[in-house]
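Structure first, commentary second.
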Amino acid sequence: MTDSNDLPLMQNLPCARLPTDEPIVLGSGSPRRAQLMTAAGYPFTVQVASDEAECGMCSRETAPEMVARYAYRKAAEIATRMTADKDTGLIIAADTVASCVGQILGKPRDQEHAESTLRLLSGRRHDVYTGVCVWSVKHGKCVVDVVRTELMMKPISEPMLADYLDTMLWEGKAGAFGYQDGNDWLSIIGDGSESNVVGLPMERLAELLENFDSLAETVITGSTEPLGQSRRNC
Ligand SMILES: Cc1cn([C@H]2C[C@H](O)[C@@H](COP(=O)(O)OP(=O)(O)OP(=O)(O)O)O2)c(=O)[nH]c1=O
């Protein structure tokens, strides 16, 4: 098993015309998102939001609502930092979770949590949601969107589970499993986006960048929630 960027899913990714003259700032510490951005051909620098951006429980929040909110909060934190530094940039932030039988599955806390997550996913259809936020610091505007990909996980045998847990490839991955890890456990149902599963829906990102002027809304200073009219096309 590998965790490399030499996979088919890193090929032929769209690279959109940018809506502003600001440099792209990838607001994420995810190596997968950086690999996808590089593979598509975007020039960018990286700034990482603090762990506090991924907190604040909302009762009865759905998976798509949660990833939209977290993507917005990550971008907002970086925008605040850049504004204080009198810096400008077109921030791209994202958040990914899996969702299975009503449970939202984020990054596993430890090996035990990874094991229980994988036992839940074993043999089941489930969804991966990624929220993406594009935020122009210069124009004080942003757009948030969510993409859903439906997947099927093969039944995982005890030896397969033990071997995979030993690889530690589950670390830092929503749902405790990497679609890109080089085995055939997961298959996408229908024509869902592979890049969405790995952390950044490159096709939708290109659409958001191309149509930023018409989609983006003025940012409400100090708000920690995505804007009401933001697109949420799951
Ligand atoms: C479902 C799935 C997720 N992932 C990864 C993508 C994300 O890095 C991670 C989900 O965690 P996130 O909290 O979305 O992102 P992150 O903590 O890695 O980075 P940041 O908060 O700085 O943006 O899971 C895979 O690599 N493969 C997969 O198949």
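Residue numbering restarts at 1 in every chain; chains get A, B, ... in the order shown in the structure tokens, and ligands count up from 1 in that same order.
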
Checklist entry - Could you name the residues that touch His139 (chain A) at 9 Å or less, counting only C-alpha atoms, but leaving out those on the same chain fewer than 4 positions away, as a PyMOL selection string? => result chain A and resi 20+135+218

For the residues selected in the previous step, produce a file with N, CA and C atoms as a PDB file, in the first residue's frame.
```pdb
ATOM      1  N   THR A  20      -9.244  36.780  -9.129  1.00  0.00           N
ATOM      2  CA  THR A  20      -8.621  38.017  -8.656  1.00  0.00           C
ATOM      3  C   THR A  20      -7.113  37.911  -8.909  1.00  0.00           C
ATOM      4  N   TRP A 135     -12.048  32.295  -0.475  1.00  0.00           N
ATOM      5  CA  TRP A 135     -12.206  33.576   0.232  1.00  0.00           C
ATOM      6  C   TRP A 135     -11.185  34.582  -0.304  1.00  0.00           C
ATOM      7  N   THR A 218     -20.478  38.973   0.186  1.00  0.00           N
ATOM      8  CA  THR A 218     -19.668  39.792   1.076  1.00  0.00           C
ATOM      9  C   THR A 218     -19.598  39.140   2.451  1.00  0.00           C
TER      10      THR A 218
END
```

Next on the checklist: Using only C-alpha atoms and all ligand atoms, which residues have at least one atom no more than 8 Å from ligand 1? Output them as a PyMOL selection string.
Outcome noted: chain A and resi 27-33+48-51+54+67+71+74+93-98+106-107+128+130+172-181+197-200

Only C-alpha atoms, please: the residues just picked out, written as a CSV table (one decimal), in the first residue's frame.
```csv
chain,number,residue,atom,x,y,z
A,27,GLY,CA,-5.5,27.2,4.0
A,28,SER,CA,-4.8,23.6,4.9
A,29,GLY,CA,-2.1,21.4,6.4
A,30,SER,CA,-3.3,18.4,4.5
A,31,PRO,CA,-0.6,16.9,2.3
A,32,ARG,CA,-3.3,15.4,0.1
A,33,ARG,CA,-4.8,18.8,-0.6
A,48,VAL,CA,-2.7,26.3,8.4
A,49,ALA,CA,-5.7,27.2,10.6
A,50,SER,CA,-5.5,26.3,14.3
A,51,ASP,CA,-7.3,23.2,15.7
A,54,GLU,CA,-12.6,22.6,13.9
A,67,VAL,CA,-18.0,20.5,6.7
A,71,ALA,CA,-14.2,25.0,5.8
A,74,LYS,CA,-10.6,27.7,8.6
A,93,ALA,CA,-9.8,26.0,2.8
A,94,ALA,CA,-11.6,22.6,3.1
A,95,ASP,CA,-12.9,20.1,5.5
A,96,THR,CA,-13.7,16.4,4.9
A,97,VAL,CA,-15.7,13.8,6.8
A,98,ALA,CA,-17.2,10.4,6.1
A,106,GLY,CA,-13.7,12.4,11.2
A,107,LYS,CA,-10.0,11.7,11.7
A,128,VAL,CA,-17.7,11.4,2.0
A,130,THR,CA,-15.9,17.9,1.6
A,172,GLY,CA,-5.0,12.0,9.8
A,173,LYS,CA,-7.6,10.6,7.4
A,174,ALA,CA,-11.4,11.1,7.8
A,175,GLY,CA,-13.1,7.7,8.1
A,176,ALA,CA,-9.7,6.1,9.1
A,177,PHE,CA,-9.1,5.1,5.5
A,178,GLY,CA,-7.3,6.6,2.5
A,179,TYR,CA,-9.0,6.0,-0.9
A,180,GLN,CA,-5.6,6.7,-2.4
A,181,ASP,CA,-3.7,4.1,-0.3
A,197,VAL,CA,-12.8,11.8,-1.3
A,198,VAL,CA,-9.1,12.7,-0.9
A,199,GLY,CA,-9.9,16.1,0.5
A,200,LEU,CA,-10.5,18.7,-2.2
```

Checklist entry - For Leu165 (chain A), which residue out of A:Val137, A:Ala216, A:Ala114, A:Ala16 is the nearest one, using only C-alpha atoms? => result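 When distances to Leu165 (chain A) are compared using only C-alpha atoms, the smallest one comes from A:Ala114.
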
Next on the checklist: Taking 4 positions as the minimum chain separation for residues in the same chain, which residues sit within 10 Å of Asp213 (chain A) when counting only C-alpha atoms? Answer as a list in words.
Outcome noted: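 Near neighbours after the sequence-gap exclusion: Pro19, Thr20, Lys141, Cys142, Val143, Leu208, Leu209 and Glu217 of chain A.
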
Checklist entry - What is the distance, in Å and to one decimal place, between CA of Cys15 (chain A) and CA of Cys133 (chain A)? => result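 Those two atoms sit 16.5 Å apart.
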
Item to check | Shell around Thr62 (chain A) at 9 Å using only C-alpha atoms, local window under 3 positions removed, as a PyMOL selection string | outcome: chain A and resi 59+65-67+102+104

Please return as a PDB file with C-alpha atoms, in the first residue's frame: the residues of region 156-217 of chain A that backbone DSSP assigns to strand (DSSP E).
```
ATOM      1  CA  LEU A 186     -13.223   1.307  -1.625  1.00  0.00           C
ATOM      2  CA  SER A 187     -15.113   1.923  -4.836  1.00  0.00           C
ATOM      3  CA  ILE A 188     -16.941   5.057  -5.859  1.00  0.00           C
ATOM      4  CA  GLU A 217     -20.968  36.988  -1.089  1.00  0.00           C
TER       5      GLU A 217
END
```

Checklist entry - For Leu13 (chain A), which residue out of A:Thr83, A:Asn196, A:Ser157, A:Ser214 is the nearest one, using only C-alpha atoms? => result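 Between A:Thr83, A:Asn196, A:Ser157, A:Ser214, the residue approaching Leu13 (chain A) most closely is A:Asn196.
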
Next on the checklist: What's around Met152 (chain A) at 12 Å? Count only C-alpha atoms, leave out sequence neighbours fewer than 3 positions away in its own chain, and write the answer as a ChimeraX atom specification.
Outcome noted: /A:98-100,121-128,149,155-156,179,184-190,192

Write the residues of the preceding selection, restricted to C-alpha atoms, as a tab-separated table (two decimals), in the first residue's frame.
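Resulting contents of again-v5.tsv:
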```tsv
chain	number	residue	atom	x	y	z
A	98	ALA	CA	-17.21	10.41	6.10
A	99	SER	CA	-20.78	9.62	7.06
A	100	CYS	CA	-22.15	6.11	7.64
A	121	LEU	CA	-17.52	1.05	7.39
A	122	SER	CA	-16.83	-2.63	6.56
A	123	GLY	CA	-19.24	-3.88	3.88
A	124	ARG	CA	-21.26	-0.65	3.93
A	125	ARG	CA	-22.23	2.11	1.55
A	126	HIS	CA	-21.27	5.48	2.94
A	127	ASP	CA	-20.68	9.09	1.92
A	128	VAL	CA	-17.66	11.36	1.97
A	149	THR	CA	-19.23	11.26	-3.03
A	155	PRO	CA	-16.15	-6.37	3.87
A	156	ILE	CA	-12.86	-6.12	5.79
A	179	TYR	CA	-8.99	6.02	-0.85
A	184	ASP	CA	-9.13	-1.94	-3.71
A	185	TRP	CA	-11.33	-1.79	-0.63
A	186	LEU	CA	-13.22	1.31	-1.62
A	187	SER	CA	-15.11	1.92	-4.84
A	188	ILE	CA	-16.94	5.06	-5.86
A	189	ILE	CA	-20.60	4.60	-6.69
A	190	GLY	CA	-21.69	6.45	-9.82
A	192	GLY	CA	-18.52	10.84	-7.92
```

Next on the checklist: Quick check for you: according to DSSP on this backbone, which residues of region 121-219 of chain A are classed as alpha helix (DSSP H)? Reply as an MDAnalysis selection string.
Outcome noted: chainID A and resid 121 158:167 194:198 202:210 212:215

Keeping only C-alpha atoms, write those residues as a PDB file, in the first residue's frame.
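Once written, selection_27.pdb looks like this:
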```
ATOM      1  CA  LEU A 121     -17.519   1.047   7.391  1.00  0.00           C
ATOM      2  CA  GLU A 158      -9.688  -9.587  10.472  1.00  0.00           C
ATOM      3  CA  PRO A 159      -6.226 -10.062   8.850  1.00  0.00           C
ATOM      4  CA  MET A 160      -6.881  -7.152   6.423  1.00  0.00           C
ATOM      5  CA  LEU A 161      -7.925  -4.940   9.327  1.00  0.00           C
ATOM      6  CA  ALA A 162      -4.893  -5.841  11.447  1.00  0.00           C
ATOM      7  CA  ASP A 163      -2.501  -5.280   8.512  1.00  0.00           C
ATOM      8  CA  TYR A 164      -4.015  -1.929   7.617  1.00  0.00           C
ATOM      9  CA  LEU A 165      -3.981  -0.700  11.214  1.00  0.00           C
ATOM     10  CA  ASP A 166      -0.281  -1.629  11.389  1.00  0.00           C
ATOM     11  CA  THR A 167       0.551   0.524   8.358  1.00  0.00           C
ATOM     12  CA  GLU A 194     -12.181  11.008  -6.484  1.00  0.00           C
ATOM     13  CA  SER A 195     -10.428  14.220  -5.507  1.00  0.00           C
ATOM     14  CA  ASN A 196     -13.390  15.033  -3.252  1.00  0.00           C
ATOM     15  CA  VAL A 197     -12.773  11.804  -1.324  1.00  0.00           C
ATOM     16  CA  VAL A 198      -9.100  12.656  -0.910  1.00  0.00           C
ATOM     17  CA  MET A 202     -10.967  19.832  -7.831  1.00  0.00           C
ATOM     18  CA  GLU A 203     -13.770  19.914 -10.402  1.00  0.00           C
ATOM     19  CA  ARG A 204     -16.066  21.961  -8.135  1.00  0.00           C
ATOM     20  CA  LEU A 205     -13.163  24.144  -7.003  1.00  0.00           C
ATOM     21  CA  ALA A 206     -12.512  25.073 -10.653  1.00  0.00           C
ATOM     22  CA  GLU A 207     -16.206  26.001 -11.054  1.00  0.00           C
ATOM     23  CA  LEU A 208     -16.129  28.129  -7.903  1.00  0.00           C
ATOM     24  CA  LEU A 209     -13.021  29.970  -9.108  1.00  0.00           C
ATOM     25  CA  GLU A 210     -14.411  30.500 -12.637  1.00  0.00           C
ATOM     26  CA  PHE A 212     -16.432  33.496  -8.123  1.00  0.00           C
ATOM     27  CA  ASP A 213     -17.739  36.962  -9.088  1.00  0.00           C
ATOM     28  CA  SER A 214     -21.341  35.795  -9.347  1.00  0.00           C
ATOM     29  CA  LEU A 215     -21.264  33.260  -6.486  1.00  0.00           C
TER      30      LEU A 215
END
```

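Taking only C-alpha atoms into account, Ala40 (chain A) lies nearest to A:Pro201 out of the set A:Glu112, A:Pro201, A:Thr80, A:Arg73.
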
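Using only C-alpha atoms for every distance, the candidate list A:Glu52, A:Asp145, A:Glu150, A:Glu22 yields A:Glu22 as the residue closest to Ile91 (chain A).
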